[in-house]
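*Asks:* To be precise about what I am sending: the file is called coords.cif and holds mmCIF, C-alpha atoms and all ligand atoms.
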data_model
#
loop_
_atom_site.label_atom_id
_atom_site.label_comp_id
_atom_site.auth_asym_id
_atom_site.auth_seq_id
_atom_site.Cartn_x
_atom_site.Cartn_y
_atom_site.Cartn_z
CA MET A 87 0.00 0.00 0.00
CA LYS A 88 1.29 3.44 -0.82
CA ASN A 89 2.00 5.82 1.96
CA SER A 90 -0.10 8.45 0.30
CA LEU A 91 -3.13 6.32 0.88
CA LEU A 92 -2.57 6.36 4.54
CA GLY A 93 -4.10 8.76 6.92
CA ILE A 94 -2.30 10.55 9.61
CA SER A 95 -0.28 8.70 12.06
CA VAL A 96 -2.11 8.40 15.24
CA ILE A 97 0.21 8.72 18.13
CA THR A 98 3.91 8.58 18.52
CA LEU A 99 5.42 7.79 21.82
CA LEU A 100 9.00 7.64 22.81
CA THR A 101 10.22 4.24 23.55
CA LEU A 102 11.24 3.83 27.08
CA ILE A 103 14.30 1.75 27.00
CA GLN A 104 14.41 -1.49 28.90
CA GLY A 105 15.38 -0.92 32.43
CA CYS A 106 14.80 2.79 32.43
CA SER A 107 12.00 4.28 34.38
CA GLN A 108 9.38 6.26 32.61
CA LYS A 109 10.68 9.49 33.98
CA THR A 110 14.10 9.03 32.45
CA PRO A 111 13.36 7.91 28.93
CA LEU A 112 16.66 9.08 27.56
CA THR A 113 18.87 7.20 29.93
CA ALA A 114 21.59 5.34 28.13
CA ILE A 115 20.87 1.71 27.63
CA THR A 116 23.05 -1.26 27.91
CA THR A 117 23.79 -3.39 24.97
CA SER A 118 24.84 -6.82 25.80
CA PRO A 119 24.43 -9.06 22.80
CA HIS A 120 23.82 -12.21 24.75
CA THR A 121 21.85 -11.17 27.71
CA ALA A 122 20.19 -7.93 26.77
CA ASN A 123 16.86 -7.79 28.53
CA HIS A 124 17.05 -11.29 29.72
CA ASN A 125 16.67 -10.67 33.28
CA GLN A 126 18.64 -13.47 34.74
CA HIS A 127 18.20 -12.74 38.37
CA LEU A 128 14.49 -13.09 37.97
CA THR A 129 15.18 -16.53 36.64
CA PRO A 130 17.89 -17.75 38.93
CA ASN A 131 17.69 -21.29 37.71
CA SER A 132 18.25 -20.53 34.09
CA SER A 133 21.52 -20.52 32.28
CA PRO A 134 22.73 -17.31 30.66
CA THR A 135 21.59 -18.49 27.27
CA SER A 136 18.17 -19.56 28.42
CA SER A 137 15.53 -17.21 27.22
CA THR A 138 13.41 -17.60 30.29
CA SER A 139 12.98 -13.98 31.13
CA LEU A 140 10.79 -11.23 32.24
CA THR A 141 11.08 -7.93 30.51
CA SER A 142 9.47 -4.79 31.62
CA GLU A 143 10.14 -1.26 30.62
CA ASN A 144 9.99 -0.23 34.15
CA ASN A 145 12.22 -2.83 35.53
CA GLU A 146 14.72 -1.23 37.79
CA HIS A 147 16.38 -4.53 38.30
CA SER A 148 17.54 -5.03 34.79
CA GLN A 149 18.94 -1.57 34.99
CA HIS A 150 20.86 -2.48 38.08
CA GLN A 151 22.03 -5.62 36.50
CA ASN A 152 23.25 -3.73 33.49
CA HIS A 153 25.05 -1.20 35.58
CA GLN A 154 26.74 -3.94 37.47
CA GLU A 155 27.90 -5.57 34.33
CA GLY A 156 29.48 -2.31 33.26
CA LYS A 157 28.61 -2.69 29.62
CA GLU A 158 26.81 0.55 29.22
CA GLU A 159 28.23 1.71 25.91
CA LYS A 160 25.73 1.64 23.16
CA SER A 161 22.59 3.64 23.37
CA ILE A 162 19.81 3.95 20.86
CA ASN A 163 16.55 5.58 21.68
CA THR A 164 13.80 4.70 19.32
CA GLN A 165 10.18 5.47 18.74
CA ALA A 166 7.37 3.82 16.86
CA LYS A 167 4.81 5.58 14.76
CA LEU A 168 1.63 3.90 13.73
CA ASN A 169 0.20 4.70 10.31
CA ILE A 170 -3.37 3.62 9.94
CA PRO A 171 -6.03 4.73 7.47
CA GLN A 172 -8.37 7.31 8.89
CA ASP A 173 -11.61 5.46 8.48
CA VAL A 174 -11.05 2.08 9.94
CA THR A 175 -14.13 0.09 10.71
CA PRO A 176 -14.31 -3.03 12.83
CA ASN A 177 -14.20 -6.43 11.12
CA LYS A 178 -12.53 -5.10 8.00
CA PRO A 179 -8.87 -5.85 7.37
CA VAL A 180 -6.65 -2.82 7.41
CA ASN A 181 -2.97 -2.34 6.72
CA LEU A 182 -1.03 -1.19 9.74
CA ILE A 183 2.38 0.32 9.09
CA ILE A 184 4.71 0.84 11.99
CA ASP A 185 7.73 3.05 11.42
CA ILE A 186 10.62 2.65 13.80
CA THR A 187 12.92 5.62 13.96
CA ASP A 188 15.40 7.21 16.28
CA THR A 189 14.28 10.23 18.25
CA GLN A 190 15.33 12.48 15.37
CA GLY A 191 12.98 10.64 13.06
CA LYS A 192 15.72 8.80 11.18
CA ALA A 193 14.68 5.30 10.19
CA ILE A 194 16.19 2.40 12.06
CA ASN A 195 16.81 -0.10 9.31
CA LYS A 196 18.36 -3.16 10.84
CA PHE A 197 16.74 -5.43 13.34
CA ASP A 198 17.59 -8.72 14.96
CA LYS A 199 15.14 -11.54 15.33
CA PHE A 200 14.32 -12.67 18.81
CA GLN A 201 11.95 -15.46 19.72
CA GLU A 202 11.86 -16.31 16.04
CA LYS A 203 10.38 -13.00 14.92
CA ILE A 204 11.57 -9.55 14.02
CA MET A 205 8.72 -7.85 15.82
CA HIS A 206 6.15 -9.06 18.31
CA LEU A 207 3.07 -6.87 18.36
CA ILE A 208 0.60 -7.18 21.20
CA ILE A 209 -2.71 -5.48 20.55
CA VAL A 210 -5.14 -4.93 23.41
CA SER A 211 -8.29 -2.94 23.88
CA ASP A 212 -7.66 -0.39 26.60
CA ASP A 213 -10.03 -2.20 28.93
CA LEU A 214 -7.92 -5.36 28.42
CA ARG A 215 -10.88 -7.43 27.32
CA PHE A 216 -9.39 -7.98 23.90
CA PHE A 217 -5.89 -9.35 23.26
CA ASP A 218 -3.97 -10.35 20.18
CA HIS A 219 -0.39 -11.21 19.38
CA VAL A 220 0.76 -10.80 15.78
CA HIS A 221 4.01 -10.56 13.88
CA PRO A 222 4.38 -7.70 11.41
CA ASP A 223 6.65 -8.21 8.42
CA TYR A 224 9.71 -6.14 7.88
CA LYS A 225 10.43 -5.08 4.34
CA ASN A 226 14.10 -4.46 4.50
CA ASN A 227 14.13 -1.43 2.25
CA GLY A 228 15.90 0.80 4.70
CA ASN A 229 12.90 2.72 5.93
CA GLY A 230 12.26 0.92 9.17
CA SER A 231 8.67 0.11 8.23
CA PHE A 232 6.86 -2.90 9.54
CA GLN A 233 3.54 -3.97 8.10
CA VAL A 234 0.72 -6.18 9.13
CA LYS A 235 -2.80 -6.67 7.89
CA TYR A 236 -5.10 -6.48 10.84
CA THR A 237 -8.78 -6.66 11.63
CA PHE A 238 -10.00 -4.87 14.72
CA PRO A 239 -12.92 -6.71 16.27
CA ALA A 240 -14.91 -3.72 17.52
CA GLY A 241 -14.83 0.00 18.00
CA GLY A 242 -12.91 1.46 20.88
CA GLU A 243 -9.51 2.49 22.10
CA TYR A 244 -6.59 0.17 21.47
CA THR A 245 -3.02 0.07 22.63
CA LEU A 246 -0.31 -1.63 20.61
CA PHE A 247 2.87 -2.79 22.29
CA SER A 248 5.57 -3.34 19.70
CA ASP A 249 8.45 -5.42 20.94
CA TYR A 250 11.55 -5.31 18.72
CA LYS A 251 15.31 -5.31 18.79
CA PRO A 252 17.38 -2.92 16.69
CA ALA A 253 20.47 -4.73 15.40
CA GLU A 254 23.13 -5.05 18.08
CA SER A 255 21.04 -3.16 20.56
CA ASN A 256 18.62 -4.40 23.13
CA GLU A 257 15.03 -5.41 22.92
CA ARG A 258 12.56 -2.68 23.73
CA VAL A 259 8.85 -1.96 23.71
CA SER A 260 7.27 1.03 22.02
CA VAL A 261 3.64 1.80 22.65
CA MET A 262 1.19 3.11 20.08
CA LYS A 263 -2.47 4.00 20.38
CA THR A 264 -5.35 4.07 18.00
CA SER A 265 -9.02 4.70 18.16
CA ILE A 266 -11.36 2.57 16.07
CA LYS A 267 -14.75 3.95 15.17
CA GLY A 268 -17.79 1.86 15.89
CA THR A 269 -19.80 0.50 18.70
CA ILE A 270 -17.97 -0.59 21.76
CA PRO A 271 -19.55 -3.84 22.89
CA LEU A 272 -20.89 -3.90 26.41
CA PRO A 273 -19.34 -6.47 28.71
CA LYS A 274 -21.17 -9.78 28.61
CA SER A 275 -20.25 -10.53 32.17
CA LEU A 276 -18.25 -9.07 34.96
CA GLU A 277 -14.58 -9.89 34.84
CA LYS A 278 -13.95 -13.13 36.63
CA PHE A 279 -10.95 -13.67 38.82
CA GLU A 280 -11.01 -17.38 38.20
CA GLN A 281 -7.97 -19.54 38.53
CA THR A 282 -9.09 -22.13 36.01
CA LYS A 283 -9.73 -21.53 32.34
CA THR A 284 -11.20 -24.20 30.13
CA LEU A 285 -10.22 -24.08 26.48
CA SER A 286 -11.50 -26.54 23.90
CA ASP A 287 -9.12 -29.35 24.79
CA THR A 288 -7.02 -27.97 27.59
CA LYS A 289 -7.84 -26.90 31.10
CA VAL A 290 -5.41 -24.40 32.56
CA THR A 291 -5.20 -23.70 36.28
CA LEU A 292 -3.13 -20.92 37.73
CA ASN A 293 -1.65 -22.23 40.93
CA VAL A 294 -0.77 -19.24 42.97
CA ASP A 295 -1.57 -18.36 46.49
CA ASN A 296 -3.46 -15.07 46.26
CA ALA A 297 -1.89 -13.89 49.49
CA SER A 298 1.51 -14.15 47.85
CA LEU A 299 0.57 -11.81 45.02
CA LYS A 300 2.45 -8.83 46.28
CA ALA A 301 4.13 -6.07 44.31
CA ARG A 302 7.91 -6.14 43.97
CA LYS A 303 8.16 -9.68 45.33
CA ASP A 304 9.64 -12.56 43.42
CA ILE A 305 6.78 -14.91 42.78
CA MET A 306 6.48 -18.21 41.01
CA LEU A 307 3.40 -18.49 38.84
CA LYS A 308 2.59 -22.11 38.07
CA PHE A 309 0.12 -23.01 35.38
CA LYS A 310 -1.14 -26.59 35.40
CA LEU A 311 -2.36 -27.96 32.10
CA VAL A 312 -4.64 -30.97 31.85
CA ASP A 313 -6.67 -32.47 29.04
CA ASN A 314 -10.39 -33.25 29.00
CA LYS A 315 -9.76 -36.36 31.07
CA ASN A 316 -7.80 -34.39 33.66
CA GLN A 317 -4.53 -35.95 32.54
CA PRO A 318 -1.43 -33.73 32.53
CA ILE A 319 -0.67 -32.35 29.09
CA LYS A 320 2.55 -33.83 27.77
CA ASP A 321 2.42 -32.81 24.14
CA LEU A 322 3.24 -29.13 24.42
CA GLN A 323 5.09 -27.85 21.40
CA PRO A 324 7.51 -24.95 21.53
CA TYR A 325 5.84 -21.68 20.69
CA LEU A 326 8.09 -19.01 19.24
CA GLY A 327 11.09 -20.87 20.53
CA GLU A 328 9.84 -21.04 24.10
CA LYS A 329 7.90 -23.43 26.24
CA ALA A 330 5.18 -20.79 26.56
CA HIS A 331 4.78 -17.05 26.68
CA LEU A 332 3.06 -14.95 29.26
CA VAL A 333 2.02 -11.39 28.54
CA THR A 334 1.03 -9.48 31.65
CA ILE A 335 -0.51 -6.02 31.47
CA LYS A 336 -1.47 -3.86 34.37
CA SER A 337 -4.86 -2.29 34.04
CA SER A 338 -4.06 1.42 33.72
CA SER A 339 -5.26 4.51 31.96
CA PRO A 340 -3.47 5.34 29.81
CA LEU A 341 -1.60 2.10 29.24
CA THR A 342 2.13 2.66 28.92
CA ASN A 343 5.04 0.36 28.40
CA ALA A 344 5.59 0.37 32.13
CA ASP A 345 2.41 -1.70 32.30
CA TYR A 346 3.68 -4.38 29.95
CA ILE A 347 5.59 -7.47 31.00
CA HIS A 348 6.50 -10.34 28.73
CA SER A 349 7.92 -13.50 30.22
CA HIS A 350 8.80 -16.99 29.10
CA GLY A 351 7.99 -20.29 30.67
CA MET A 352 10.86 -21.94 32.48
CA LYS A 353 12.35 -24.75 30.52
CA ASP A 354 12.62 -26.97 33.56
CA SER A 355 8.94 -26.75 34.49
CA ALA A 356 7.45 -30.05 35.63
CA PRO A 357 5.54 -32.09 33.03
CA GLY A 358 2.04 -30.74 32.55
CA GLU A 359 3.08 -27.48 34.12
CA ILE A 360 4.49 -24.17 32.97
CA ASP A 361 6.23 -22.04 35.53
CA PHE A 362 7.09 -18.37 35.33
CA HIS A 363 9.15 -16.23 37.57
CA ALA A 364 7.30 -13.00 38.02
CA LYS A 365 7.70 -9.75 39.80
CA PHE A 366 4.81 -7.34 39.58
CA PRO A 367 6.19 -3.80 39.59
CA GLN A 368 3.26 -2.22 41.42
CA ALA A 369 0.08 -3.06 43.23
CA GLY A 370 -2.93 -3.17 40.95
CA THR A 371 -5.11 -5.30 38.75
CA TYR A 372 -3.32 -7.25 36.08
CA LYS A 373 -4.45 -9.38 33.22
CA MET A 374 -2.27 -12.25 32.08
CA TRP A 375 -2.45 -14.11 28.81
CA LEU A 376 -0.72 -17.46 28.74
CA GLN A 377 0.11 -18.63 25.23
CA PHE A 378 1.25 -22.12 24.36
CA GLN A 379 1.03 -24.51 21.46
CA ARG A 380 -0.58 -27.93 21.13
CA ASN A 381 -1.28 -29.88 17.96
CA GLY A 382 -0.01 -26.99 15.89
CA ASN A 383 -2.50 -24.57 17.42
CA VAL A 384 -1.63 -21.62 19.58
CA LYS A 385 -3.85 -21.43 22.62
CA THR A 386 -4.45 -18.46 24.84
CA ALA A 387 -5.73 -18.63 28.39
CA ASP A 388 -6.33 -15.38 30.21
CA PHE A 389 -6.43 -14.63 33.92
CA TRP A 390 -7.05 -11.58 36.05
CA VAL A 391 -5.11 -11.17 39.25
CA ASN A 392 -5.06 -8.62 42.01
CA VAL A 393 -1.64 -7.69 43.25
CA LYS A 394 -1.45 -6.00 46.64
CU CU B 401 5.39 -12.72 19.11
#
Could you express the structure from this file as structure tokens?
Ligand SMILES: [Cu+2]
*Replies:*
Amino acid sequence: MKNSLLGISVITLLTLIQGCSQKTPLTAITTSPHTANHNQHLTPNSSPTSSTSLTSENNEHSQHQNHQEGKEEKSINTQAKLNIPQDVTPNKPVNLIIDITDTQGKAINKFDKFQEKIMHLIIVSDDLRFFDHVHPDYKNNGNGSFQVKYTFPAGGEYTLFSDYKPAESNERVSVMKTSIKGTIPLPKSLEKFEQTKTLSDTKVTLNVDNASLKARKDIMLKFKLVDNKNQPIKDLQPYLGEKAHLVTIKSSSPLTNADYIHSHGMKDSAPGEIDFHAKFPQAGTYKMWLQFQRNGNVKTADFWVNVK
């Protein structure tokens, strides 16, 4: 699609670099080719090359870790700009173009793959009822543009978390917002804080003691997976190079990248179980989407939790 066909870009936000707090977006970042953003001390049992990790824009700990490692040389601050046609209607595919540039607006044109993709794009409605995880394509023509055809399910406000890694720099998350015209569906039911989710052929139970859900504490989240006969699931397939992925977003208005946490299931989880090290940055209400693969299908189980 030609750029001239596109409407105005909606919102541009500075990327807050991994490990830097929101108030200091221009802090230099650490580039460590092997461990960038893989927050090892949150995953004490993993080896340095394991990709079990928890990344958060607002993660003071990775910043500390980076400082300690003394590798703070390379710094790139980037931003993402979403180009979307002006009259998007729900249930009609639309071309989203995401331009990644430095803070001067110069295109970033080289990216590294991580978790098998060059960009991971998480799309949520601002009320966190809707979630999607897609992978825009990168046309390597030097203009830093990513593209994906996307169909918004309903009108409303959406936040897009783009997770990417400029070549030889660290992974970061840039947040974009868009507003889709159309009716916003009313909730069908109140949000349920249930610990078991039943999908078509998999029942997922979050085993966590609610009393232990405290901000800034290292917590182990254990998801138990059983089939329709209550037998532990043993046929999990890797999904994007990991045992499973967990996207956690704090309910906030507006949503920022400080609200976004992406973590990976520990490789040494017990059979029929997926464990995640987690540390919730603040008290609040969070929604978590567990994604895993069985029989070639990606499954998503979502959970609300209250963190005190
Ligand atoms: Cu992805």
*Asks:* Pick the closest to ligand CU 401 (chain B) from A:Asp321, A:Glu277, A:Asp173, A:Glu328: which is it, counting only C-alpha atoms and all ligand atoms?
*Replies:*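 Closest to ligand CU 401 (chain B) of all the choices is A:Glu328.
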*Asks:* Please identify every polymer residue within 12 Å of ligand CU 401 (chain B), using all atoms listed in the file, and present the set as a ChimeraX atom specification.
*Replies:* /A:199-209,218-223,247-250,325-328,330-333,348-350,377-378,384
*Asks:* Measuring between only C-alpha atoms, which one of A:Gln368, A:Thr282, A:Thr288, A:Ser338 shows the shortest distance to Lys315 in chain A?
*Replies:*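 Among the listed residues, A:Thr288 lies closest to Lys315 in chain A.
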*Asks:* My list of candidates is A:Asp388, A:Asp354, A:Asp212, A:Glu280. Which is closest to Leu246 in chain A when distances are computed with all atoms listed in the file?
*Replies:*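 Smallest separation from Leu246 in chain A among the options: A:Asp212.
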*Asks:* Select, from A:Thr245, A:Thr386, A:Asn163, A:Gln190, the residue with the minimum atom-to-atom distance to Arg258 in chain A, counting all atoms listed in the file.
*Replies:*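 Result for the nearest residue to Arg258 in chain A: A:Asn163.
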*Asks:* Excluding Met352 in chain A and residues on its chain fewer than 2 positions from it, collect all residues at most 8 Å away from it, counting all atoms listed in the file, and give them as a list in words.
*Replies:* Ser132, Thr138, Lys329, His350, Asp354, Ser355, Ile360, Asp361, Phe362 and His363 of chain A
*Asks:* Could you tell me which of A:Lys251, A:Tyr244, A:Pro239, A:Gln379 comes closest to Thr342 in chain A if we count all atoms listed in the file?
*Replies:*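 Result for the nearest residue to Thr342 in chain A: A:Tyr244.
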*Asks:* Which of these residues is nearest to Gly230 in chain A, using all atoms listed in the file: A:Leu341, A:Leu322, A:Ile194, A:Val174?
*Replies:*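 Among the listed residues, the smallest separation from Gly230 in chain A belongs to A:Ile194.
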*Asks:* Go ahead and compute the interatomic distance for CA of Leu276 in chain A and CA of Tyr372 in chain A, in Å to one decimal.
*Replies:*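 Taking CA of Leu276 in chain A and CA of Tyr372 in chain A, their separation equals 15.1 Å.
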*Asks:* I need every residue sitting at most 10 Å from the point (-8.9, -4.7, 3.6) (coordinates as in the file, all atoms listed in the file considered), written as JSON, numbers by chain.
*Replies:* {"A": [174, 177, 178, 179, 180, 181, 235, 236, 237]}
*Asks:* In Å, how far is it from CA of Lys336 in chain A to CA of Lys278 in chain A?
*Replies:*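 Distance reported for this atom pair: 15.7 Å.
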*Asks:* Can you measure CA of Tyr224 in chain A to CA of Val210 in chain A for me? One decimal in Å is fine.
*Replies:*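 Atom-to-atom, CA of Tyr224 in chain A to CA of Val210 in chain A, that is 21.5 Å.
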*Asks:* When you look at Asp313 in chain A with a cut-off of 9 Å (counting only C-alpha atoms), what residues show up, excluding the ones that are within fewer than 2 positions of it in the same chain? I need them as number ranges by chain.
*Replies:* A: 287-290, 311, 315-319
*Asks:* List as a PDB file with C-alpha atoms, keeping the file's coordinate frame the residues having at least one atom at most 12 Å from position (15.6, -3.7, 4.1) as given in the file, counting only C-alpha atoms.
*Replies:*
ATOM      1  CA  ALA A 193      14.680   5.300  10.190  1.00  0.00           C
ATOM      2  CA  ILE A 194      16.190   2.400  12.060  1.00  0.00           C
ATOM      3  CA  ASN A 195      16.810  -0.100   9.310  1.00  0.00           C
ATOM      4  CA  LYS A 196      18.360  -3.160  10.840  1.00  0.00           C
ATOM      5  CA  PHE A 197      16.740  -5.430  13.340  1.00  0.00           C
ATOM      6  CA  ASP A 223       6.650  -8.210   8.420  1.00  0.00           C
ATOM      7  CA  TYR A 224       9.710  -6.140   7.880  1.00  0.00           C
ATOM      8  CA  LYS A 225      10.430  -5.080   4.340  1.00  0.00           C
ATOM      9  CA  ASN A 226      14.100  -4.460   4.500  1.00  0.00           C
ATOM     10  CA  ASN A 227      14.130  -1.430   2.250  1.00  0.00           C
ATOM     11  CA  GLY A 228      15.900   0.800   4.700  1.00  0.00           C
ATOM     12  CA  ASN A 229      12.900   2.720   5.930  1.00  0.00           C
ATOM     13  CA  GLY A 230      12.260   0.920   9.170  1.00  0.00           C
ATOM     14  CA  SER A 231       8.670   0.110   8.230  1.00  0.00           C
ATOM     15  CA  PHE A 232       6.860  -2.900   9.540  1.00  0.00           C
TER      16      PHE A 232
END
*Asks:* Will you model N, CA and C atoms for range 314-337 of chain A and pass it back as a compact mmCIF listing (two decimals), in the frame of the given file?
*Replies:*
# COMPACT_ATOMS: atom_id res chain seq x y z
N ASN A 314 -8.98 -33.07 28.63
CA ASN A 314 -10.39 -33.25 29.00
C ASN A 314 -10.61 -34.37 30.00
N LYS A 315 -9.63 -35.26 30.10
CA LYS A 315 -9.76 -36.36 31.07
C LYS A 315 -8.94 -36.08 32.33
N ASN A 316 -8.57 -34.82 32.50
CA ASN A 316 -7.80 -34.39 33.66
C ASN A 316 -6.41 -35.00 33.73
N GLN A 317 -5.89 -35.42 32.58
CA GLN A 317 -4.53 -35.95 32.54
C GLN A 317 -3.56 -34.82 32.18
N PRO A 318 -2.39 -34.81 32.83
CA PRO A 318 -1.43 -33.73 32.53
C PRO A 318 -1.08 -33.71 31.03
N ILE A 319 -1.01 -32.53 30.51
CA ILE A 319 -0.67 -32.35 29.09
C ILE A 319 0.83 -32.63 28.92
N LYS A 320 1.13 -33.53 27.99
CA LYS A 320 2.55 -33.83 27.77
C LYS A 320 2.98 -33.57 26.34
N ASP A 321 2.08 -33.01 25.55
CA ASP A 321 2.42 -32.81 24.14
C ASP A 321 2.57 -31.34 23.77
N LEU A 322 3.02 -30.54 24.74
CA LEU A 322 3.24 -29.13 24.42
C LEU A 322 4.32 -29.00 23.37
N GLN A 323 4.08 -28.12 22.42
CA GLN A 323 5.09 -27.85 21.40
C GLN A 323 5.69 -26.48 21.69
N PRO A 324 6.95 -26.29 21.31
CA PRO A 324 7.51 -24.95 21.53
C PRO A 324 6.70 -23.91 20.76
N TYR A 325 6.53 -22.79 21.37
CA TYR A 325 5.84 -21.68 20.69
C TYR A 325 6.80 -20.51 20.64
N LEU A 326 7.12 -20.09 19.45
CA LEU A 326 8.09 -19.01 19.24
C LEU A 326 9.37 -19.28 20.03
N GLY A 327 9.81 -20.52 19.93
CA GLY A 327 11.09 -20.87 20.53
C GLY A 327 11.08 -21.02 22.03
N GLU A 328 9.92 -20.94 22.64
CA GLU A 328 9.84 -21.04 24.10
C GLU A 328 8.80 -22.08 24.48
N LYS A 329 8.89 -22.48 25.74
CA LYS A 329 7.90 -23.43 26.24
C LYS A 329 6.50 -22.80 26.23
N ALA A 330 6.45 -21.55 26.59
CA ALA A 330 5.18 -20.79 26.56
C ALA A 330 5.54 -19.33 26.78
N HIS A 331 4.59 -18.48 26.47
CA HIS A 331 4.78 -17.05 26.68
C HIS A 331 3.68 -16.56 27.61
N LEU A 332 4.04 -15.57 28.39
CA LEU A 332 3.06 -14.95 29.26
C LEU A 332 3.15 -13.44 29.09
N VAL A 333 2.07 -12.85 28.63
CA VAL A 333 2.02 -11.39 28.54
C VAL A 333 1.17 -10.93 29.72
N THR A 334 1.72 -10.00 30.47
CA THR A 334 1.03 -9.48 31.65
C THR A 334 0.89 -7.97 31.47
N ILE A 335 -0.30 -7.47 31.61
CA ILE A 335 -0.51 -6.02 31.47
C ILE A 335 -1.30 -5.51 32.66
N LYS A 336 -0.79 -4.47 33.24
CA LYS A 336 -1.47 -3.86 34.37
C LYS A 336 -2.59 -2.97 33.85
N SER A 337 -3.74 -3.12 34.42
CA SER A 337 -4.86 -2.29 34.04
C SER A 337 -4.55 -0.85 34.45
